[in-house]
Amino acid sequence: MRIGIDDTDSPRGMCTTYLGALLIRKLNRAGIAVREARLVRLNPNVPWKTRGNAAVCLDADGSPREAFRLACTAVEEYADLAHENTHPGVVVSENMLPETFYQKAVQGFCTLDEAIAILADAGARYKGYKLKRGLIGATAAAGSRFNDSTFEVLVYRDRSLWGTPRSVDRKSLFTADAHTFPHTWDTVDRENNLVVCVPHTPDPVLFGMRGERPGWVTLAREEVLSEKPGFEQVWITNQGTDAHLLAARSPELIDGCSYLLAGTVESLPVTMKGGHVILPISHMGQPVTCLAYEPTKGFRDVVRALVPGDRIRVAGSSRRGSINLEKIQVISAPEAILSRPPVCERCGKRMTSAGTGKGYKCRRCGGRAGNPETCRSKRDIIPGWFEVPPSARRHLAMPLCRGFREDLLEEVPPQGT
Ligand code: ATP
């Protein structure tokens, strides 16, 4: 059976993965074996998410009735039900739920009615609390199939320390990263000298380490010196897989969806007050504004180095006609051809324009020339992929150390047609 849970936390505390990890232990004690713990990230642009739009799914063997009872009890005991934006959902299904619902929940928007219809169809046990919105995420998580997956070990704080500042040795995190990158990523942000894997929010997570295989994340975890942790859980996840990206096959972009699209730089990028960089491109004949926000730091220099005519692919979320950049592929950035008036062959002085279509004239000796002098300007950018730093990366975004989605590249040809 699959057990799905979502929407148990609030900005002031709790975390659905923590509740899920506690439930795993309760299920095991009740003789229900948990085969797989899944941390499922859903559409990062859902406005009513608390933090990273995570839901959990446990793949388990045993009594569905007892699993449902234990899951509901855990939600009633640990969810922040008093918070106005917490609306939990619990699902236990013996039948596999349709994958299409999961796809839609990662890449678009779903309704509660759609979730309930699917649950009723599958004969699943389910319970929604308050507005029951968590049933959407719980249904999507329970029906999730990962085309690609990564792992995260989440280390939870001892309850006695909740509310106190986290104590995690910074140097040990940099060492863990040095020993395991690129098999792990987003532990630290070397370029900006920042720790990334320790949250600043008042939830029970002490730190989390992401990587390619369970062995890599646990190896990295073993390097970390910290306060006494409570317990920890390795999750299989869709993080770092670009599962949220759609191939932009038409000029219309839907607000709240995330895309890979091909385009041509239309005009020079502009840096706004506050440091955000705006890059106007054209995609299938339509203007699209790409945005690199200030927290993307050095990535903005890549965007600033682009000039009109450059061919690029961009990945990011569509919001009010703009794409919030997660990464860029520079397909072609040809050297610009600069032209200027030639030097007079007789007296060596630079000529000036003799008027539109009339060539050039030397002001000193009256000499004439028809063609300008041309030269190629060297570019500060070369074709390739560029990404935001780990400190600005979204959970679902694939880090370049993992590569990129080949299937999407095929679907989004460089010409964007
Ligand atoms: P938590 O750790 O509690 O899961 P969160 O940041 O993941 O915190 P939630 O508090 O779960 O966010 O809020 C997200 C809400 O949005 C949930 O109720 C979930 O069911 C719902 N939701 C998630 N994805 C979608 C979607 N694609 N369409 C509509 N609703 C969604």
# chains A, B, ... in the order shown; residues from 1 in each chain; ligands from 1
>>> residues_around(residues="segment 171-178 of chain A", least_positions_apart="2", cutoff="10 Å", atoms="only C-alpha atoms", output="MDAnalysis selection string")
chainID A and resid 168:169 180:190 193:198 209 217 219:226
>>> residues_around(residues="Asn85 of chain A", least_positions_apart="2", cutoff="10 Å", atoms="only C-alpha atoms", output="list in words")
Asp7, Thr8, Asp9, Ser10, Pro11, Trp48, Lys49, Thr50, Asp80, Leu81, Ala82, His83, His87, Pro88, Lys130, Leu131 and Arg133 of chain A
>>> select_by_dssp(residues="segment 191-389 of chain A", states="strand (DSSP E or B)", output="PyMOL selection string")
chain A and resi 194-195+205-211+226+229-237+245-247+258-265+270-271+277-283+286-292+311-319+322-332+336-340+343+350+352-353+360-361+368-369+373-377+384-387
>>> residues_around(residues="Ala37 of chain A", least_positions_apart="2", cutoff="8 Å", atoms="only C-alpha atoms", output="VMD selection string")
chain A and resid 34 to 35 39 56 to 59 234 to 236
>>> residues_near_ligand(ligand="ligand 1", cutoff="7 Å", atoms="only C-alpha atoms and all ligand atoms", output="ChimeraX atom specification")
/A:6-10,15-17,42-43,46,48-55,86-88,104-111,133-138
>>> atom_distance(atom1="atom CA of Ser160 of chain A", atom2="atom CA of Leu22 of chain A")
16.0 Å
>>> select_by_dssp(residues="segment 290-379 of chain A", states="helix (DSSP H, G or I)", output="PyMOL selection string")
chain A and resi 294-296+299-304
>>> residues_around(residues="Thr201 of chain A", least_positions_apart="2", cutoff="9 Å", atoms="only C-alpha atoms", output="MDAnalysis selection string")
chainID A and resid 11:13 199 203:205
>>> residues_around(residues="Cys290 of chain A", least_positions_apart="3", cutoff="8 Å", atoms="only C-alpha atoms", output="PyMOL selection string")
chain A and resi 278-281+322-325
>>> residues_around(residues="segment 351-355 of chain A", least_positions_apart="4", cutoff="9 Å", atoms="only C-alpha atoms", output="JSON, numbers by chain")
{"A": [340, 341, 342, 343, 344, 359, 360, 361, 362, 363, 364, 367, 368, 369]}
>>> atom_distance(atom1="atom CA of Leu400 of chain A", atom2="atom CA of Pro47 of chain A")
27.2 Å
>>> atom_distance(atom1="atom CA of Leu408 of chain A", atom2="atom CA of Val388 of chain A")
19.2 Å
>>> residues_around(residues="segment 269-273 of chain A", least_positions_apart="4", cutoff="10 Å", atoms="only C-alpha atoms", output="ChimeraX atom specification")
/A:265,277-281,289-294,300,303-308
>>> write_last_selection(atoms="N, CA, C and O atoms", output="short mmCIF file (atom, residue, chain, number, x, y, z; two decimals), in the first residue's frame")
data_model
loop_
_atom_site.label_atom_id
_atom_site.label_comp_id
_atom_site.auth_asym_id
_atom_site.auth_seq_id
_atom_site.Cartn_x
_atom_site.Cartn_y
_atom_site.Cartn_z
N VAL A 265 18.09 36.46 -27.63
CA VAL A 265 18.18 37.69 -26.84
C VAL A 265 17.76 38.86 -27.74
O VAL A 265 18.25 39.01 -28.85
N VAL A 277 18.32 41.39 -12.46
CA VAL A 277 18.69 41.62 -13.86
C VAL A 277 17.55 41.15 -14.77
O VAL A 277 17.02 40.05 -14.61
N ILE A 278 17.21 42.02 -15.71
CA ILE A 278 16.12 41.73 -16.65
C ILE A 278 16.72 41.46 -18.02
O ILE A 278 17.54 42.24 -18.51
N LEU A 279 16.31 40.34 -18.62
CA LEU A 279 16.83 39.97 -19.94
C LEU A 279 15.65 39.77 -20.90
O LEU A 279 14.92 38.78 -20.78
N PRO A 280 15.47 40.68 -21.86
CA PRO A 280 14.37 40.50 -22.82
C PRO A 280 14.77 39.51 -23.92
O PRO A 280 15.81 39.69 -24.55
N ILE A 281 13.95 38.48 -24.12
CA ILE A 281 14.22 37.53 -25.21
C ILE A 281 12.96 37.39 -26.05
O ILE A 281 11.88 37.85 -25.65
N THR A 289 10.18 38.15 -20.80
CA THR A 289 11.18 38.78 -19.95
C THR A 289 11.75 37.73 -19.00
O THR A 289 11.00 37.09 -18.27
N CYS A 290 13.07 37.57 -19.02
CA CYS A 290 13.70 36.63 -18.08
C CYS A 290 14.28 37.45 -16.92
O CYS A 290 14.81 38.54 -17.14
N LEU A 291 14.16 36.90 -15.73
CA LEU A 291 14.62 37.62 -14.54
C LEU A 291 15.64 36.79 -13.78
O LEU A 291 15.41 35.61 -13.53
N ALA A 292 16.74 37.43 -13.43
CA ALA A 292 17.72 36.79 -12.53
C ALA A 292 17.74 37.67 -11.28
O ALA A 292 18.19 38.82 -11.33
N TYR A 293 17.20 37.12 -10.20
CA TYR A 293 17.06 37.92 -8.98
C TYR A 293 18.40 38.10 -8.28
O TYR A 293 19.34 37.32 -8.47
N GLU A 294 18.44 39.11 -7.43
CA GLU A 294 19.68 39.45 -6.72
C GLU A 294 20.28 38.25 -6.00
O GLU A 294 21.50 38.03 -6.05
N ARG A 300 24.09 36.28 -12.28
CA ARG A 300 23.64 37.49 -12.98
C ARG A 300 24.71 37.99 -13.96
O ARG A 300 24.38 38.62 -14.96
N VAL A 303 24.13 36.41 -17.23
CA VAL A 303 23.00 37.03 -17.92
C VAL A 303 23.43 38.39 -18.49
O VAL A 303 23.11 38.73 -19.64
N ARG A 304 24.22 39.12 -17.72
CA ARG A 304 24.67 40.46 -18.16
C ARG A 304 25.60 40.37 -19.37
O ARG A 304 25.77 41.36 -20.09
N ALA A 305 26.24 39.21 -19.57
CA ALA A 305 27.20 39.08 -20.68
C ALA A 305 26.52 38.77 -22.01
O ALA A 305 27.18 38.69 -23.04
N LEU A 306 25.19 38.58 -21.99
CA LEU A 306 24.50 38.25 -23.24
C LEU A 306 24.22 39.52 -24.04
O LEU A 306 24.06 40.61 -23.47
N VAL A 307 24.17 39.35 -25.36
CA VAL A 307 23.89 40.51 -26.23
C VAL A 307 22.81 40.10 -27.24
O VAL A 307 22.58 38.91 -27.47
N PRO A 308 22.15 41.08 -27.84
CA PRO A 308 21.09 40.77 -28.81
C PRO A 308 21.59 39.82 -29.89
O PRO A 308 22.72 39.95 -30.37
#
>>> closest_residue(among="A:Asp61, A:Glu326, A:Glu99, A:Asp255", to="Pro390 of chain A", atoms="only C-alpha atoms")
A:Glu326
